[in-house]
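Student: My questions all concern the structure below.
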Amino acid sequence: MLFDWWWLRSPGKYSNSAAGVDNNGSLISTSYGYNQNSWYVDGKGGVRPALWLDIKSLIHNDSASYAEWVERCKHIAEKNKLVAEEERKLRKYHEADRKLSAKDYFGALKIFKKLDDYGDASSRVDEVQKQIIKAQELKLWEEREKEKKRIKADQERIAWKEYEREKQREAEEAYKLNKYQSAIKMLESKDYEAAYKEFIALGSYRDAAAIARTAKKEQLVEEQRQAEEKRKAEEKRKAEKMRRAEAQRQAEEKRRAEAQRQAEDIRRAEAQSKMWQMQGLCKYCGGKLSVFGKKCKICGKQN
Ligand SMILES: [Zn+2]
């Protein structure tokens with residue numbers, strides 16, 4: 001069976017392919033794109049064994065064909081060197097492809113640039129450069145999208161916070177309004193001290209500060225009024241007490257004077273009666289008495 005190519009030990013483009021050498025001595029691999037099946041490991045090709053031969057041990061130095069052998073060996077060595085170089089380049093080419101698969105664009109680009117004169121390496125350079133630009137653009141686009149999302153989330157968070165603050169403000173407003181209204185009621189019921197405390201606690205809410213001042217003034221006025229009222233009541237109470245004491249004193253005096261007067265009247269009447277008795281008249285009325293029986297001719301009383 002004849003084959004027009006042979007296997008090399010170097011790997012091919014894919015894990016199940018290998019490099020080979022074709023019948024004109026150039027390197028072939030699946031990366032070259034023609035008749036690809038030939039170079040998968042189940043393809044049919046020749047195998048060139050690698051041998052180390054000591055030519056000198058086979059042919060005598062003085063043999064006529066010796067020079068010819070040396071020339072041929074030189075030629076083969078030259079060819080082998082070229083093939084080895086081609087193989088090295090192919091390995092590099094595949095390495096660049098692997099880097100590309102792993103998205104190491106710059107690593108691949110560096111290799112393809114070095115391989116410039118090899119195969120389609122120069123067009124691969126353009127391709128990778130385009131991919132780099134695309135990848136960078138994609139990255140930029142992704143970053144922009146991410147940024148947009150972040151901004152949107154931030155805005156939502158800010159809006160939510162604002163909403164919560166608004167709710168809190170409303171609750172505070174309702175609470176303060178309630179306090180304010182109850183303080184107004186305190187003011188109306190003249191509980192100035194409590195009202196003052198409430199309005200002070202309300203701080204800068206509406207006209208609370210002004211009302212607090214008014215409440216304080218009203219409180220002072222009220223306190224003064226109450227003190228005045230108390231003082232007047234006390235005065236009145238004292239005056240009443242004095243008036244009562246005076247009336248009692250006067251009544252006592254009057255009673256005493258009356259008693260004195262009565263005593264004087266009795267004393268005077270007794271003196272008169274004595275005088276009348278001494279003059280032999282009626283001791284009751286000073287009337288003349290009858291000679292017999294000592295009976296008053298005026299009042300008729302028995303003396
Ligand atoms: Zn008499």
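Following the order of the structure tokens, chains are lettered A, B, ..., residues in each are numbered from 1, and ligands are numbered from 1.
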Within 9 Å of ligand 1, which residues of chain A show up? Give each one with its shortest atom-to-atom distance in Å (one decimal) and the two atoms involved, counting only C-alpha atoms and all ligand atoms, rows by chain then rising residue number, as CSV.
Tutor:
```
residue,atom,partner,partner_atom_place_in_ligand_line,distance
A:Leu281,CA,ligand 1,1 (Zn),7.6
A:Cys282,CA,ligand 1,1 (Zn),4.3
A:Lys283,CA,ligand 1,1 (Zn),6.5
A:Tyr284,CA,ligand 1,1 (Zn),5.1
A:Cys285,CA,ligand 1,1 (Zn),4.3
A:Gly286,CA,ligand 1,1 (Zn),5.7
A:Gly287,CA,ligand 1,1 (Zn),4.5
A:Lys288,CA,ligand 1,1 (Zn),7.0
A:Leu289,CA,ligand 1,1 (Zn),7.3
A:Lys295,CA,ligand 1,1 (Zn),7.6
A:Cys296,CA,ligand 1,1 (Zn),4.3
A:Lys297,CA,ligand 1,1 (Zn),6.4
A:Ile298,CA,ligand 1,1 (Zn),5.1
A:Cys299,CA,ligand 1,1 (Zn),4.2
A:Gly300,CA,ligand 1,1 (Zn),5.9
A:Lys301,CA,ligand 1,1 (Zn),5.7
A:Gln302,CA,ligand 1,1 (Zn),8.0
A:Asn303,CA,ligand 1,1 (Zn),8.0
```
Student: Atoms to include: N, CA and C atoms. Write the selected residues as a PDB file, in the first residue's frame.
Tutor:
```pdb
ATOM      1  N   LEU A 281     -93.199 108.404 153.899  1.00  0.00           N
ATOM      2  CA  LEU A 281     -94.035 108.276 152.705  1.00  0.00           C
ATOM      3  C   LEU A 281     -94.004 106.822 152.188  1.00  0.00           C
ATOM      4  N   CYS A 282     -94.814 106.509 151.147  1.00  0.00           N
ATOM      5  CA  CYS A 282     -94.815 105.140 150.531  1.00  0.00           C
ATOM      6  C   CYS A 282     -93.445 104.876 149.903  1.00  0.00           C
ATOM      7  N   LYS A 283     -92.873 103.745 150.315  1.00  0.00           N
ATOM      8  CA  LYS A 283     -91.524 103.441 149.783  1.00  0.00           C
ATOM      9  C   LYS A 283     -91.557 103.063 148.304  1.00  0.00           C
ATOM     10  N   TYR A 284     -92.720 102.825 147.799  1.00  0.00           N
ATOM     11  CA  TYR A 284     -92.827 102.441 146.393  1.00  0.00           C
ATOM     12  C   TYR A 284     -93.025 103.636 145.469  1.00  0.00           C
ATOM     13  N   CYS A 285     -93.871 104.593 145.953  1.00  0.00           N
ATOM     14  CA  CYS A 285     -94.135 105.691 145.023  1.00  0.00           C
ATOM     15  C   CYS A 285     -94.079 107.089 145.662  1.00  0.00           C
ATOM     16  N   GLY A 286     -93.765 107.130 146.957  1.00  0.00           N
ATOM     17  CA  GLY A 286     -93.639 108.423 147.626  1.00  0.00           C
ATOM     18  C   GLY A 286     -95.032 109.027 147.989  1.00  0.00           C
ATOM     19  N   GLY A 287     -96.063 108.185 147.840  1.00  0.00           N
ATOM     20  CA  GLY A 287     -97.398 108.671 148.172  1.00  0.00           C
ATOM     21  C   GLY A 287     -97.615 108.717 149.694  1.00  0.00           C
ATOM     22  N   LYS A 288     -98.606 109.498 150.127  1.00  0.00           N
ATOM     23  CA  LYS A 288     -98.905 109.587 151.570  1.00  0.00           C
ATOM     24  C   LYS A 288     -99.512 108.300 152.047  1.00  0.00           C
ATOM     25  N   LEU A 289     -99.148 107.913 153.305  1.00  0.00           N
ATOM     26  CA  LEU A 289     -99.670 106.654 153.850  1.00  0.00           C
ATOM     27  C   LEU A 289    -100.852 106.967 154.793  1.00  0.00           C
ATOM     28  N   LYS A 295    -101.087 102.064 154.774  1.00  0.00           N
ATOM     29  CA  LYS A 295    -101.402 101.721 153.371  1.00  0.00           C
ATOM     30  C   LYS A 295    -101.313 102.960 152.517  1.00  0.00           C
ATOM     31  N   CYS A 296    -100.648 102.817 151.297  1.00  0.00           N
ATOM     32  CA  CYS A 296    -100.442 103.985 150.408  1.00  0.00           C
ATOM     33  C   CYS A 296    -101.763 104.433 149.832  1.00  0.00           C
ATOM     34  N   LYS A 297    -101.919 105.752 149.934  1.00  0.00           N
ATOM     35  CA  LYS A 297    -103.146 106.334 149.422  1.00  0.00           C
ATOM     36  C   LYS A 297    -103.108 106.445 147.904  1.00  0.00           C
ATOM     37  N   ILE A 298    -101.932 106.283 147.297  1.00  0.00           N
ATOM     38  CA  ILE A 298    -101.821 106.431 145.828  1.00  0.00           C
ATOM     39  C   ILE A 298    -101.779 105.068 145.135  1.00  0.00           C
ATOM     40  N   CYS A 299    -100.727 104.202 145.560  1.00  0.00           N
ATOM     41  CA  CYS A 299    -100.623 102.899 144.838  1.00  0.00           C
ATOM     42  C   CYS A 299    -101.359 101.780 145.568  1.00  0.00           C
ATOM     43  N   GLY A 300    -101.743 102.080 146.839  1.00  0.00           N
ATOM     44  CA  GLY A 300    -102.551 101.090 147.596  1.00  0.00           C
ATOM     45  C   GLY A 300    -101.726  99.981 148.197  1.00  0.00           C
ATOM     46  N   LYS A 301    -100.396 100.084 148.012  1.00  0.00           N
ATOM     47  CA  LYS A 301     -99.536  99.001 148.530  1.00  0.00           C
ATOM     48  C   LYS A 301     -99.308  99.144 150.019  1.00  0.00           C
ATOM     49  N   GLN A 302     -99.186  98.014 150.663  1.00  0.00           N
ATOM     50  CA  GLN A 302     -98.969  97.958 152.132  1.00  0.00           C
ATOM     51  C   GLN A 302     -97.499  98.283 152.378  1.00  0.00           C
ATOM     52  N   ASN A 303     -97.209  99.251 153.229  1.00  0.00           N
ATOM     53  CA  ASN A 303     -95.822  99.556 153.576  1.00  0.00           C
ATOM     54  C   ASN A 303     -95.441  98.951 154.889  1.00  0.00           C
TER      55      ASN A 303
END
```
Student: Suppose you want the space between CA of Ala108 (chain A) and CA of Trp6 (chain A); what is it in Å?
Tutor: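 CA of Ala108 (chain A) sits 28.8 Å away from CA of Trp6 (chain A).
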Student: Within 10 Å of Tyr180 (chain A), counting only C-alpha atoms, which residues qualify if same-chain residues fewer than 6 places away don't, as number ranges by chain?
Tutor: A: 174, 186, 195, 198-199, 201-202, 205-208
Student: Restricting the calculation to only C-alpha atoms: of A:Lys148, A:Glu86, A:Asp265, A:Glu95, which residue gets closest to Gly119 (chain A)?
Tutor: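 Ranking A:Lys148, A:Glu86, A:Asp265, A:Glu95 by distance to Gly119 (chain A), first place goes to A:Glu86.
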